[in-house]
>>> print(open('work_24.cif').read())   # mmCIF, C-alpha atoms
data_protein
#
loop_
_atom_site.label_atom_id
_atom_site.label_comp_id
_atom_site.auth_asym_id
_atom_site.auth_seq_id
_atom_site.Cartn_x
_atom_site.Cartn_y
_atom_site.Cartn_z
CA MET A 1 21.96 -5.94 -28.15
CA PRO A 2 18.98 -3.96 -26.83
CA SER A 3 15.98 -3.73 -29.10
CA ARG A 4 15.21 -0.12 -30.04
CA LEU A 5 11.90 1.31 -28.96
CA ASP A 6 9.61 1.98 -31.87
CA ASN A 7 7.38 4.92 -30.97
CA PRO A 8 6.91 7.55 -33.70
CA THR A 9 5.24 10.01 -31.30
CA VAL A 10 8.44 10.96 -29.45
CA VAL A 11 11.42 13.09 -30.37
CA ARG A 12 14.69 11.17 -30.48
CA ALA A 13 18.23 12.38 -30.15
CA SER A 14 21.02 11.55 -32.53
CA GLU A 15 23.86 9.19 -31.60
CA GLU A 16 26.19 12.18 -31.23
CA GLN A 17 23.81 13.80 -28.74
CA MET A 18 23.53 10.58 -26.79
CA ASP A 19 27.28 10.26 -26.42
CA ASP A 20 27.59 13.90 -25.32
CA VAL A 21 24.96 13.93 -22.57
CA LYS A 22 26.30 15.20 -19.24
CA SER A 23 23.07 16.44 -17.66
CA GLN A 24 20.69 14.42 -15.58
CA VAL A 25 18.32 12.07 -17.34
CA VAL A 26 15.33 9.99 -16.24
CA ILE A 27 15.27 6.32 -17.17
CA GLY A 28 11.69 5.08 -17.27
CA MET A 29 11.29 1.34 -16.79
CA ASP A 30 8.38 -0.98 -17.49
CA PRO A 31 9.27 -4.04 -15.38
CA HIS A 32 8.27 -7.66 -15.82
CA LYS A 33 9.39 -10.87 -14.19
CA ARG A 34 11.94 -11.93 -16.83
CA SER A 35 12.45 -8.72 -18.82
CA VAL A 36 12.36 -4.94 -18.52
CA THR A 37 11.91 -2.19 -21.10
CA ILE A 38 13.60 1.16 -20.50
CA GLU A 39 13.59 4.59 -22.10
CA VAL A 40 16.08 7.38 -21.41
CA MET A 41 14.58 10.90 -21.39
CA THR A 42 15.97 14.39 -20.79
CA ALA A 43 14.27 17.28 -19.02
CA ASP A 44 12.85 18.61 -22.30
CA GLU A 45 11.35 15.15 -22.96
CA THR A 46 13.79 14.25 -25.70
CA VAL A 47 14.22 10.48 -25.88
CA LEU A 48 17.88 9.52 -25.99
CA GLY A 49 17.35 5.80 -26.38
CA GLY A 50 16.27 2.69 -24.59
CA GLY A 51 15.78 -0.99 -25.08
CA ARG A 52 14.55 -4.30 -23.76
CA TYR A 53 16.72 -6.38 -21.44
CA ALA A 54 16.46 -9.69 -19.64
CA THR A 55 16.48 -9.67 -15.85
CA ASP A 56 19.08 -12.41 -15.47
CA GLU A 57 22.68 -11.54 -14.61
CA GLY A 58 23.75 -11.14 -18.23
CA GLY A 59 20.83 -8.91 -19.19
CA PHE A 60 21.19 -6.77 -16.07
CA ALA A 61 24.91 -6.27 -16.73
CA GLU A 62 24.18 -5.34 -20.35
CA MET A 63 21.63 -2.76 -19.23
CA GLU A 64 24.13 -1.26 -16.79
CA ARG A 65 26.72 -0.95 -19.55
CA TYR A 66 24.19 0.76 -21.79
CA VAL A 67 23.15 3.41 -19.22
CA SER A 68 26.73 4.05 -18.09
CA ARG A 69 26.98 6.73 -20.81
CA PHE A 70 24.50 8.77 -18.72
CA PRO A 71 26.44 9.35 -15.48
CA ASP A 72 23.79 11.59 -13.89
CA ARG A 73 20.65 9.44 -13.98
CA VAL A 74 17.50 8.71 -12.00
CA TRP A 75 15.49 5.52 -12.48
CA ALA A 76 11.70 5.84 -12.54
CA ILE A 77 10.20 2.36 -12.10
CA GLU A 78 6.53 1.47 -12.14
CA GLY A 79 5.19 -0.54 -9.21
CA CYS A 80 8.21 -0.70 -6.91
CA SER A 81 6.01 -2.31 -4.27
CA GLY A 82 4.88 -4.97 -6.74
CA ILE A 83 6.31 -6.39 -9.93
CA GLY A 84 9.07 -3.78 -10.08
CA HIS A 85 10.38 -4.51 -6.60
CA HIS A 86 12.97 -7.09 -7.59
CA VAL A 87 14.61 -4.78 -10.16
CA ALA A 88 14.44 -1.71 -7.90
CA ILE A 89 16.25 -3.55 -5.09
CA ARG A 90 19.00 -4.68 -7.45
CA LEU A 91 19.49 -1.13 -8.72
CA LEU A 92 19.63 0.24 -5.17
CA ALA A 93 22.27 -2.35 -4.32
CA ALA A 94 24.26 -1.05 -7.30
CA GLY A 95 24.14 2.49 -5.89
CA GLU A 96 21.45 3.84 -8.25
CA GLU A 97 18.78 6.42 -7.40
CA VAL A 98 15.25 5.04 -7.86
CA VAL A 99 11.79 6.63 -7.57
CA ASP A 100 8.48 4.79 -7.58
CA VAL A 101 5.91 5.62 -10.28
CA PRO A 102 2.33 4.63 -9.37
CA PRO A 103 0.66 2.65 -12.19
CA LYS A 104 -2.31 5.05 -12.24
CA LEU A 105 -0.04 7.99 -13.04
CA SER A 106 1.73 6.19 -15.86
CA ALA A 107 -1.62 5.05 -17.27
CA ARG A 108 -2.87 8.62 -17.41
CA ALA A 109 0.36 9.83 -18.98
CA ARG A 110 0.08 7.08 -21.60
CA VAL A 111 -3.43 8.18 -22.61
CA PHE A 112 -2.41 11.83 -22.89
CA ALA A 113 0.83 11.03 -24.74
CA THR A 114 -0.66 8.65 -27.32
CA GLY A 115 -4.21 9.97 -27.49
CA GLN A 116 -5.53 6.48 -26.82
CA GLY A 117 -5.15 3.58 -24.43
CA ARG A 118 -2.68 1.70 -26.62
CA LYS A 119 -0.48 -0.36 -24.35
CA THR A 120 2.87 -1.89 -25.25
CA ASP A 121 6.10 -2.23 -23.30
CA ALA A 122 7.57 0.66 -25.31
CA THR A 123 4.65 3.02 -24.69
CA ASP A 124 4.60 1.99 -21.03
CA ALA A 125 8.30 2.84 -20.62
CA HIS A 126 7.71 6.16 -22.39
CA SER A 127 4.79 7.10 -20.13
CA ILE A 128 6.77 6.11 -17.02
CA ALA A 129 9.68 8.29 -18.14
CA LEU A 130 7.25 11.18 -18.73
CA VAL A 131 5.91 10.86 -15.18
CA GLY A 132 9.43 10.71 -13.78
CA THR A 133 10.36 13.87 -15.71
CA ARG A 134 7.24 15.91 -15.06
CA MET A 135 5.99 14.94 -11.59
CA THR A 136 7.27 16.17 -8.26
CA GLY A 137 6.90 14.31 -5.01
CA LEU A 138 7.47 10.80 -6.35
CA ARG A 139 8.41 8.46 -3.53
CA PRO A 140 12.11 7.59 -3.49
CA VAL A 141 12.75 3.89 -3.05
CA VAL A 142 15.01 2.97 -0.15
CA ASN A 143 16.43 -0.41 0.78
CA ASP A 144 15.20 -0.54 4.36
CA GLU A 145 15.92 -4.03 5.67
CA GLN A 146 13.72 -3.53 8.71
CA LEU A 147 10.67 -2.68 6.59
CA ALA A 148 11.50 -5.46 4.14
CA VAL A 149 11.46 -8.00 6.97
CA LEU A 150 8.20 -6.52 8.28
CA ARG A 151 6.61 -6.82 4.84
CA LEU A 152 7.59 -10.47 4.52
CA LEU A 153 6.25 -11.33 7.95
CA VAL A 154 3.02 -9.35 7.71
CA ASP A 155 2.26 -10.89 4.31
CA ARG A 156 2.88 -14.31 5.82
CA ARG A 157 0.61 -13.46 8.76
CA ARG A 158 -2.14 -12.38 6.35
CA SER A 159 -1.87 -15.63 4.40
CA LEU A 160 -2.15 -17.58 7.66
CA GLY A 161 -5.30 -15.66 8.54
CA GLU A 162 -6.81 -16.32 5.12
CA GLU A 163 -5.95 -20.00 5.39
CA HIS A 164 -7.53 -20.15 8.85
CA THR A 165 -10.74 -18.57 7.54
CA ARG A 166 -10.92 -20.94 4.58
CA LYS A 167 -10.43 -24.09 6.67
CA THR A 168 -12.88 -22.87 9.31
CA SER A 169 -15.52 -22.42 6.62
CA GLN A 170 -14.89 -25.95 5.35
CA LEU A 171 -15.14 -27.29 8.89
CA HIS A 172 -18.46 -25.50 9.48
CA GLN A 173 -19.87 -27.07 6.33
CA LEU A 174 -18.91 -30.57 7.48
CA LEU A 175 -20.19 -30.01 11.03
CA LEU A 176 -23.54 -28.85 9.65
CA GLU A 177 -23.91 -32.24 7.98
CA LEU A 178 -22.66 -34.15 11.03
CA ILE A 179 -24.52 -32.25 13.77
CA PRO A 180 -28.10 -30.96 13.44
CA GLY A 181 -27.91 -27.15 13.36
CA GLY A 182 -24.13 -27.18 13.01
CA ALA A 183 -21.75 -25.37 15.35
CA LYS A 184 -21.60 -21.82 16.64
CA ARG A 185 -20.03 -19.14 14.50
CA ASP A 186 -16.97 -18.37 16.63
CA LEU A 187 -15.61 -21.90 16.81
CA SER A 188 -12.14 -22.74 18.09
CA ALA A 189 -10.21 -25.88 17.22
CA ALA A 190 -10.59 -27.21 20.77
CA GLN A 191 -14.35 -26.72 20.69
CA ALA A 192 -14.60 -28.40 17.29
CA LYS A 193 -12.58 -31.36 18.60
CA ALA A 194 -14.96 -31.70 21.54
CA LEU A 195 -17.96 -31.71 19.21
CA LEU A 196 -16.43 -34.35 16.97
CA ALA A 197 -15.75 -36.58 19.97
CA LYS A 198 -19.52 -36.88 20.48
CA VAL A 199 -20.24 -37.80 16.87
CA ARG A 200 -20.20 -41.50 15.95
CA PRO A 201 -21.51 -41.95 12.40
CA ARG A 202 -22.19 -45.50 11.23
CA ASP A 203 -22.36 -45.10 7.44
CA LEU A 204 -19.30 -44.81 5.19
CA VAL A 205 -20.07 -41.25 4.10
CA GLY A 206 -20.50 -40.10 7.68
CA LYS A 207 -17.25 -41.74 8.79
CA THR A 208 -15.37 -40.13 5.89
CA ARG A 209 -16.91 -36.77 6.67
CA ARG A 210 -15.86 -37.05 10.32
CA ARG A 211 -12.30 -38.03 9.35
CA VAL A 212 -11.95 -35.04 7.02
CA ALA A 213 -13.33 -32.76 9.76
CA ALA A 214 -10.76 -34.14 12.21
CA GLU A 215 -7.99 -33.41 9.70
CA LEU A 216 -9.26 -29.83 9.36
CA VAL A 217 -9.22 -29.44 13.16
CA ALA A 218 -5.59 -30.60 13.23
CA ASP A 219 -4.77 -28.10 10.47
CA LEU A 220 -6.44 -25.32 12.46
CA GLU A 221 -4.39 -26.17 15.53
CA ARG A 222 -1.15 -25.89 13.53
CA ILE A 223 -2.28 -22.62 11.92
CA TYR A 224 -3.22 -21.18 15.33
CA ALA A 225 0.24 -22.00 16.68
CA ARG A 226 1.87 -20.33 13.67
CA LYS A 227 -0.36 -17.26 14.02
CA LYS A 228 0.55 -16.93 17.68
CA GLU A 229 4.26 -17.12 16.90
CA ALA A 230 3.89 -14.68 14.00
CA ASN A 231 2.06 -12.17 16.21
CA LYS A 232 4.81 -12.40 18.81
CA GLU A 233 7.54 -11.82 16.23
CA LEU A 234 5.66 -8.94 14.62
CA THR A 235 5.12 -7.29 17.99
CA GLU A 236 8.84 -7.35 18.74
CA LEU A 237 9.77 -5.98 15.31
CA VAL A 238 7.14 -3.23 15.40
CA LYS A 239 8.30 -2.10 18.83
CA ALA A 240 11.88 -2.06 17.56
CA THR A 241 10.90 0.58 14.97
CA GLY A 242 10.01 3.01 17.76
CA THR A 243 6.48 3.60 16.48
CA THR A 244 3.64 4.41 18.89
CA LEU A 245 0.93 2.92 16.66
CA LEU A 246 0.46 0.05 19.10
CA ASP A 247 -0.69 2.58 21.70
CA LEU A 248 -3.78 3.35 19.60
CA HIS A 249 -6.89 1.43 20.60
CA GLY A 250 -7.78 -1.12 17.91
CA ILE A 251 -4.38 -1.49 16.23
CA GLY A 252 -2.50 -4.72 16.84
CA PRO A 253 0.91 -5.86 15.61
CA THR A 254 -0.45 -6.89 12.20
CA GLY A 255 -2.19 -3.56 11.61
CA ALA A 256 0.80 -1.54 12.79
CA ALA A 257 3.18 -3.53 10.58
CA ARG A 258 0.88 -3.11 7.58
CA LEU A 259 0.75 0.65 8.13
CA LEU A 260 4.53 0.89 8.36
CA VAL A 261 5.27 -1.11 5.20
CA GLU A 262 2.51 0.41 3.05
CA VAL A 263 2.91 4.05 4.10
CA GLY A 264 6.70 4.14 4.20
CA ASP A 265 7.60 7.81 4.63
CA ILE A 266 4.54 9.53 6.11
CA THR A 267 5.94 12.97 5.24
CA ARG A 268 5.31 12.28 1.55
CA PHE A 269 1.65 13.16 2.23
CA PRO A 270 1.16 16.96 2.28
CA ASN A 271 -1.57 16.73 4.92
CA LYS A 272 -4.06 14.42 6.58
CA ALA A 273 -6.64 14.99 3.84
CA HIS A 274 -4.28 13.56 1.22
CA PHE A 275 -3.56 10.62 3.51
CA ALA A 276 -7.30 9.98 3.84
CA SER A 277 -7.65 10.17 0.07
CA TRP A 278 -4.80 7.66 -0.34
CA ASN A 279 -6.37 5.14 2.05
CA GLY A 280 -9.92 5.59 0.75
CA THR A 281 -11.53 7.04 3.89
CA ALA A 282 -12.17 10.48 2.38
CA PRO A 283 -15.71 10.61 0.94
CA LEU A 284 -16.28 11.61 -2.67
CA ASP A 285 -18.15 14.84 -3.33
CA ALA A 286 -21.40 13.94 -5.12
CA SER A 287 -23.13 17.31 -4.76
CA SER A 288 -25.35 18.62 -7.53
CA GLY A 289 -27.00 22.02 -7.57
CA ASP A 290 -28.44 22.84 -4.17
CA GLN A 291 -28.11 19.26 -2.98
CA VAL A 292 -24.91 18.75 -1.00
CA ARG A 293 -23.99 15.12 -0.40
CA HIS A 294 -21.00 12.79 -0.32
CA ARG A 295 -20.70 9.14 -1.21
CA LEU A 296 -18.43 6.28 -0.29
CA SER A 297 -15.02 6.14 -1.92
CA ARG A 298 -13.98 2.67 -3.05
CA LYS A 299 -10.58 3.90 -4.16
CA GLY A 300 -7.36 4.08 -2.23
CA ASN A 301 -5.16 1.49 -0.57
CA ARG A 302 -7.59 -1.24 0.47
CA GLN A 303 -5.18 -2.91 2.88
CA ILE A 304 -4.83 0.26 4.94
CA ASN A 305 -8.56 0.84 4.63
CA ARG A 306 -9.07 -2.61 6.12
CA VAL A 307 -6.74 -1.79 9.03
CA LEU A 308 -8.76 1.35 9.77
CA HIS A 309 -12.03 -0.58 9.46
CA THR A 310 -10.82 -3.16 11.98
CA MET A 311 -9.69 -0.35 14.27
CA ALA A 312 -13.14 1.24 14.04
CA ARG A 313 -14.95 -2.03 14.76
CA VAL A 314 -12.81 -2.66 17.84
CA GLN A 315 -13.51 0.84 19.15
CA LEU A 316 -17.25 0.45 18.58
CA ARG A 317 -17.29 -2.74 20.67
CA ASN A 318 -15.79 -0.91 23.65
CA PRO A 319 -16.61 2.28 25.59
CA THR A 320 -14.09 4.44 23.73
CA GLU A 321 -14.00 7.93 22.25
CA GLY A 322 -14.63 6.31 18.88
CA ARG A 323 -17.86 4.77 20.19
CA ALA A 324 -18.97 8.11 21.63
CA TYR A 325 -18.22 9.83 18.32
CA TYR A 326 -20.20 7.15 16.47
CA ASP A 327 -23.20 7.63 18.76
CA ARG A 328 -23.10 11.41 18.26
CA LYS A 329 -23.07 10.98 14.48
CA LYS A 330 -26.08 8.66 14.66
CA ALA A 331 -27.87 11.18 16.91
CA ASP A 332 -27.23 13.81 14.23
CA GLY A 333 -29.18 11.71 11.74
CA LYS A 334 -26.40 9.66 10.15
CA ALA A 335 -27.17 6.12 9.09
CA PRO A 336 -25.06 3.42 10.81
CA MET A 337 -22.76 2.93 7.81
CA GLU A 338 -22.41 6.69 7.33
CA ALA A 339 -21.47 7.07 10.98
CA MET A 340 -18.94 4.24 10.59
CA ARG A 341 -17.34 6.01 7.63
CA CYS A 342 -17.06 9.18 9.73
CA VAL A 343 -15.30 7.20 12.45
CA LYS A 344 -12.88 5.70 9.93
CA ARG A 345 -12.03 9.14 8.57
CA ARG A 346 -11.42 10.44 12.07
CA LEU A 347 -9.21 7.45 12.86
CA SER A 348 -7.31 8.06 9.62
CA ASP A 349 -6.47 11.55 10.89
CA ILE A 350 -5.31 10.12 14.22
CA VAL A 351 -3.12 7.49 12.56
CA PHE A 352 -1.63 10.15 10.27
CA GLN A 353 -0.73 12.41 13.16
CA THR A 354 0.68 9.53 15.19
CA MET A 355 2.97 8.44 12.36
CA LEU A 356 3.92 12.04 11.68
CA ASN A 357 4.86 12.58 15.32
CA ASP A 358 6.90 9.36 15.23
CA ALA A 359 8.76 10.56 12.13
CA VAL A 360 9.49 13.98 13.64
CA ARG A 361 10.66 12.44 16.88
CA ALA A 362 12.88 9.93 15.08
CA THR A 363 14.55 12.38 12.75
CA GLY A 364 14.22 15.70 14.59
CA ALA A 365 13.27 17.08 11.20
CA THR A 366 13.05 20.82 10.77
CA THR A 367 12.19 22.99 7.83
CA ASN A 368 14.43 25.54 6.20
CA ARG A 369 12.71 28.09 8.39
CA GLY A 370 13.55 26.13 11.52
CA THR A 371 9.96 25.18 12.36
CA ARG A 372 8.92 21.62 13.02
CA THR A 373 6.35 19.85 10.90
CA GLY A 374 2.90 21.13 11.74
CA PRO A 375 0.00 18.94 12.81
CA GLY A 376 -1.67 19.27 9.42
CA GLY A 377 1.24 17.58 7.71
CA GLN A 378 2.54 20.68 5.92
CA ARG A 379 5.93 21.75 7.18
CA GLY A 380 5.58 25.02 8.96
CA ASP A 381 1.83 24.59 9.46
CA ASP A 382 1.17 25.83 12.97
CA SER A 383 -2.61 25.66 12.85
CA ASP A 384 -4.47 24.59 15.96
CA SER A 385 -5.96 21.51 14.32
CA SER A 386 -4.53 18.32 15.70
CA ALA A 387 -5.51 14.70 15.33
CA ALA A 388 -3.08 13.33 17.85
CA GLY A 389 -5.82 12.66 20.38
CA SER A 390 -9.14 10.88 20.07
CA GLN A 391 -10.96 14.14 19.44
CA PRO A 392 -9.28 16.42 16.86
CA HIS A 393 -10.39 20.01 17.01
CA THR A 394 -11.53 20.07 13.37
CA ASN A 395 -14.34 17.97 12.00
CA SER A 396 -12.81 16.49 8.87
CA SER A 397 -14.95 13.36 8.75
CA ASP A 398 -17.38 14.77 6.19
CA LYS A 399 -14.80 16.47 4.01
CA SER A 400 -14.35 15.12 0.51
CA LEU A 401 -11.15 14.51 -1.41
CA PRO A 402 -8.52 17.25 -1.07
CA GLY A 403 -7.46 19.62 -3.78
CA PRO A 404 -4.08 19.59 -5.49
CA ALA A 405 -1.14 19.01 -3.19
CA ARG A 406 1.02 22.02 -2.47
CA GLN A 407 4.30 20.33 -3.16
CA HIS A 408 7.62 22.06 -3.04
CA PRO A 409 8.63 22.33 -6.71
CA ARG A 410 11.41 20.01 -7.71
CA THR A 411 14.41 21.53 -9.41
CA PRO A 412 13.84 20.85 -13.12
CA LEU A 413 16.28 18.66 -14.90
CA PRO A 414 18.67 20.61 -17.10
CA ALA A 415 18.17 20.16 -20.79
CA ALA A 416 20.55 17.96 -22.75
CA SER A 417 23.40 19.84 -24.26
#
>>> encode(input="work_24.cif", output="structure tokens")
Amino acid sequence: MPSRLDNPTVVRASEEQMDDVKSQVVIGMDPHKRSVTIEVMTADETVLGGGRYATDEGGFAEMERYVSRFPDRVWAIEGCSGIGHHVAIRLLAAGEEVVDVPPKLSARARVFATGQGRKTDATDAHSIALVGTRMTGLRPVVNDEQLAVLRLLVDRRRSLGEEHTRKTSQLHQLLLELIPGGAKRDLSAAQAKALLAKVRPRDLVGKTRRRVAAELVADLERIYARKKEANKELTELVKATGTTLLDLHGIGPTGAARLLVEVGDITRFPNKAHFASWNGTAPLDASSGDQVRHRLSRKGNRQINRVLHTMARVQLRNPTEGRAYYDRKKADGKAPMEAMRCVKRRLSDIVFQTMLNDAVRATGATTNRGTRTGPGGQRGDDSDSSAAGSQPHTNSSDKSLPGPARQHPRTPLPAAS
């Protein structure tokens, strides 16, 4: 039997009301690896029930039997890209409708609902249900096999890169003790093998150190082969999606795949400013009085921020429009890091527009008024600003975080009868 949620701050329905519900409800879920806690809520925020269930087959079947009394239901699950992914996928396979609740939103709702930061599974499920009931624009979860495969492979490619970096650092440490001055920074496995061939230590410690270094070189050769194969597979899969991200200077198969799996539906962002806020390239307004200034934002999706940073570094190393823009910003008095942040914001706008164009081309999406999605991201926006090229007409690089999103209001859930 499900354990009842014990939260005296919410209004609960009677058993008769629960059995008579025919309107849509939101089921908030606080997921864990081996258990989940749910709460069923109506549009007027009346709690109809809930409970705690195991995530094995028996517990999942018991939860499905419990919610079957609410035929019109929507599941709001926290962290569908993380710990809630395994439950969300199972619900989608069962034909359920699922939306993703960002943990930050549920945390804020929990503070406002309880008046404090008290955190239990019951209060978490309640705050998640509140977000699902109140908020518009929550990202619907879809079971896209193509993106699921991309996520698995790009995560594997990242782990290979991290392993390569770690073993290279260990190799450099050993070579510094075997060779006076060590080896150069950008060292390949073949170059390291050639260096080791010239080293002939006579003491036991030196021989052991050389043997361990040779083992690390062999590991690096295997990792390099796996990275090469992973890049080839990612390139084929990314091209199969029809995206044009690979046409942008500085984005490789890993970066394009990371953008696709993390962003999902690009049209969920009202405009390019909200996309920049989400990926952390929009500066924070730190103005005070007559002093107008902005500071670095350390918020946002750090993986996408890293993709944009890599893209910016590649462009700065080559005679590109990004390099020219960087030089102009420095000529205007910007410090090197400030100019780099401006480049990253500009590249964020370009990536946003590229993905938006891909989505429009793939779906042929039109608004109710028959106009295509505008370049600013808002449907029907026909402004002249465009970030599709290397030089957008508007200078958004110094703009701070955007204001509230102008979302289309979601039809409110009807109250329980």
>>> resolve_selection(input="work_24.cif", expression="the PyMOL selection byres ((chain A and resi 334-337) around 12)", output="PyMOL selection string")
chain A and resi 295-296+309+312-313+316+323+325-333+338-344+398
>>> residues_around(input="work_24.cif", residues="range 181-186 of chain A", least_positions_apart="4", cutoff="10 Å", atoms="only C-alpha atoms", output="list in words")
Thr168, Ser169, Leu171, His172, Gln173, Leu174, Leu175, Leu176, Glu177, Gln191, Ala192 and Leu195 of chain A
>>> resolve_selection(input="work_24.cif", expression="the PyMOL selection byres ((chain A and resi 40) around 8)", output="ChimeraX atom specification")
/A:25-28,38-39,41-42,47-50,129
>>> atom_distance(input="work_24.cif", atom1="CA of Arg134 in chain A", atom2="CA of Asp121 in chain A")
20.0 Å
>>> atom_distance(input="work_24.cif", atom1="CA of Glu96 in chain A", atom2="CA of Lys119 in chain A")
27.5 Å
>>> atom_distance(input="work_24.cif", atom1="CA of Leu105 in chain A", atom2="CA of Asp285 in chain A")
21.7 Å
>>> resolve_selection(input="work_24.cif", expression="the PyMOL selection byres ((chain A and resi 209) around 12)", output="PyMOL selection string")
chain A and resi 170-179+196+199-208+210-216
>>> closest_residue(input="work_24.cif", among="A:Ser127, A:Thr165, A:Thr120, A:Thr281", to="Ile77 in chain A", atoms="all atoms listed in the file")
A:Ser127
>>> closest_residue(input="work_24.cif", among="A:Glu321, A:Asp247, A:Asp56, A:Asp72", to="Lys33 in chain A", atoms="only C-alpha atoms")
A:Asp56
>>> closest_residue(input="work_24.cif", among="A:Val154, A:Val36, A:Ala113, A:Ala107", to="Gly84 in chain A", atoms="all atoms listed in the file")
A:Val36
>>> residues_around(input="work_24.cif", residues="Asp144 in chain A", least_positions_apart="5", cutoff="12 Å", atoms="all atoms listed in the file", output="list in words")
Ile89, Leu92, Ala93, Val149, Leu150, Arg151, Thr241, Leu260, Val261, Gly264 and Asp265 of chain A
>>> closest_residue(input="work_24.cif", among="A:Arg118, A:Arg293, A:Arg317, A:Lys272", to="Met355 in chain A", atoms="all atoms listed in the file")
A:Lys272
>>> axis_aligned_box(input="work_24.cif", around="range 339-343 of chain A", padding_each_side="6 Å", output="JSON")
{"center_x": -18.4, "center_y": 6.7, "center_z": 10.0, "size_x": 18.2, "size_y": 16.9, "size_z": 16.8}
>>> residues_around(input="work_24.cif", residues="Pro31 in chain A", least_positions_apart="6", cutoff="7 Å", atoms="all atoms listed in the file", output="list in words")
Thr37, Glu78, Ile83 and Gly84 of chain A
